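Undergrad: I'd like to ask some things about the structure below.
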Amino acid sequence: MSPVPGSGRMEQLAQVVAERVVSLVMEAIDIDALLDRIDVDALISRVDVDSVVSRVDVDKLIDRVDVEKIIQRVDVEKIVERVDIDALMEKTELGSIIARSTTGVASEVLDVIRAQGVGLDDFCARWVNRLLRRRPEELPLGPPTLVAAPSHPELTAGAA
Amino acid sequence: MVPGAPAEPIEGRQGHYAGAVSRLVAFAADVGASWGLFTLGAAALAFSIQLVSGTKFSLASYQVVSVVSLVVWEFLYFAYQWALSGKTIGMAVLGIRVVRTDGSTIGPRQAVVRTLALPLSFLLLGLGFLGILTSRNRHALHDRIAGTAVVYSWDARAARLRWLARQDPAAPA
């Protein structure tokens, strides 16, 4: 029972009127137009982010985070399924790495074959010179223009 | 090689007359490569004819045609490559090239004459090749006829630099 007679009814009436008024006001207000009038950039520019950040205790925040719980909630298999391995391989340029490595091996094999050839050439030439009783230093090393200029640019370009 | 003897330095051979072994191996590689390509070409031709006409075709059935084709192919194989760059596939692998006797670049005329003279070195029981070992300028018979010489185009110093560049910097020298 209310201490003042009839005050309970008055309260109920006031409640109903207030609800109706609020509902009418809310309907009348164009929220979008109101938001349009607010300059969000200006609002943000007035916020001192540094001071806000400095007030945050990051360690405390991290302590409150249960990492194990987060990890348990992450579906790793689903993430892996979503990874485009082919695109990733393209980005890592694995093909060019393999090509570079293969070229390196090929040129090394080529160098070895050539070096072996030159060694055997010398071996044969030594024996022939011995048989023919020739002195190697008396023999011409190569065509006059090439031996005079050992680092012939044309030949350098031809060397693999 | 004599065991224990110091290693023969091979640097700075670029432009020197190439020896018999390098030339022989290069020639063998060229014979293999040209025969391989010819066989592939003949197989491709036979397959194409069979596909179009529906009848079985083999170049080996036409001996004269196959011999003439082979001779023409071998001529083109050697003459074209010598005229183009002074070296064939086998020579490129072994790091040697054909030049004129004065060391200048070989022209198409020399390339053709050398290719035509090459069989002569065979026809004389292979004696035409003996000059590579015995002559002062390591000239074979076909080299004398065409006025050419074979020299090393391979720069061993560049090879050594490549080898050094591939070494792991962290590895002990």
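Each chain in the structure tokens gets a letter, A, B, ..., in the order shown, and its residues are numbered from 1; ligands are numbered from 1 in order too.
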Would you list the contacts of range 131-134 of chain B as an MDAnalysis selection string, taking every protein, DNA or RNA residue within 12 Å and counting only C-alpha atoms, but skipping same-chain residues closer than 4 positions in sequence?

TA: (chainID A and resid 121:134 136 139) or (chainID B and resid 17:24 121 126:127 138:144 149:151)

Undergrad: Please check the contacts: residues of chain B at most 8 Å away from chain A, using only C-alpha atoms, listed as a PyMOL selection string.

TA: chain B and resi 1+8+10+12-22+92-95+101-104+133-134+136-137+149+151+153-156+159+163+166

Undergrad: So which one's closest to Leu120 in chain B, B:Ile145, B:Leu51, B:Val31, B:Val65? Using only C-alpha atoms, please.

TA: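 Counting only C-alpha atoms, the residue closest to Leu120 in chain B is B:Ile145.
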
Undergrad: Excluding same-chain residues fewer than 2 positions from Leu116 in chain B, what lies within 10 Å of it counting only C-alpha atoms, as a VMD selection string?

TA: chain B and resid 75 78 to 79 110 to 114 118 to 120 142 145 to 146

Undergrad: Give the alpha helix (DSSP H) residues of chain A, as DSSP finds them on the backbone, and put them as a PyMOL selection string.

TA: chain A and resi 7-28+31-37+40-45+49-55+58-64+67-73+76-82+85-92+94-131+144-148+153-158

Undergrad: So the first atom is CA of Val25 in chain B and the second is CA of Arg97 in chain B; what is the distance between them in Å, to one decimal place?

TA: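 A separation of 13.2 Å between them.
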
Undergrad: I'd like the interatomic distance between CA of Gly86 in chain B and CA of Val109 in chain A, to a tenth of an Å.

TA: 22.7 Å
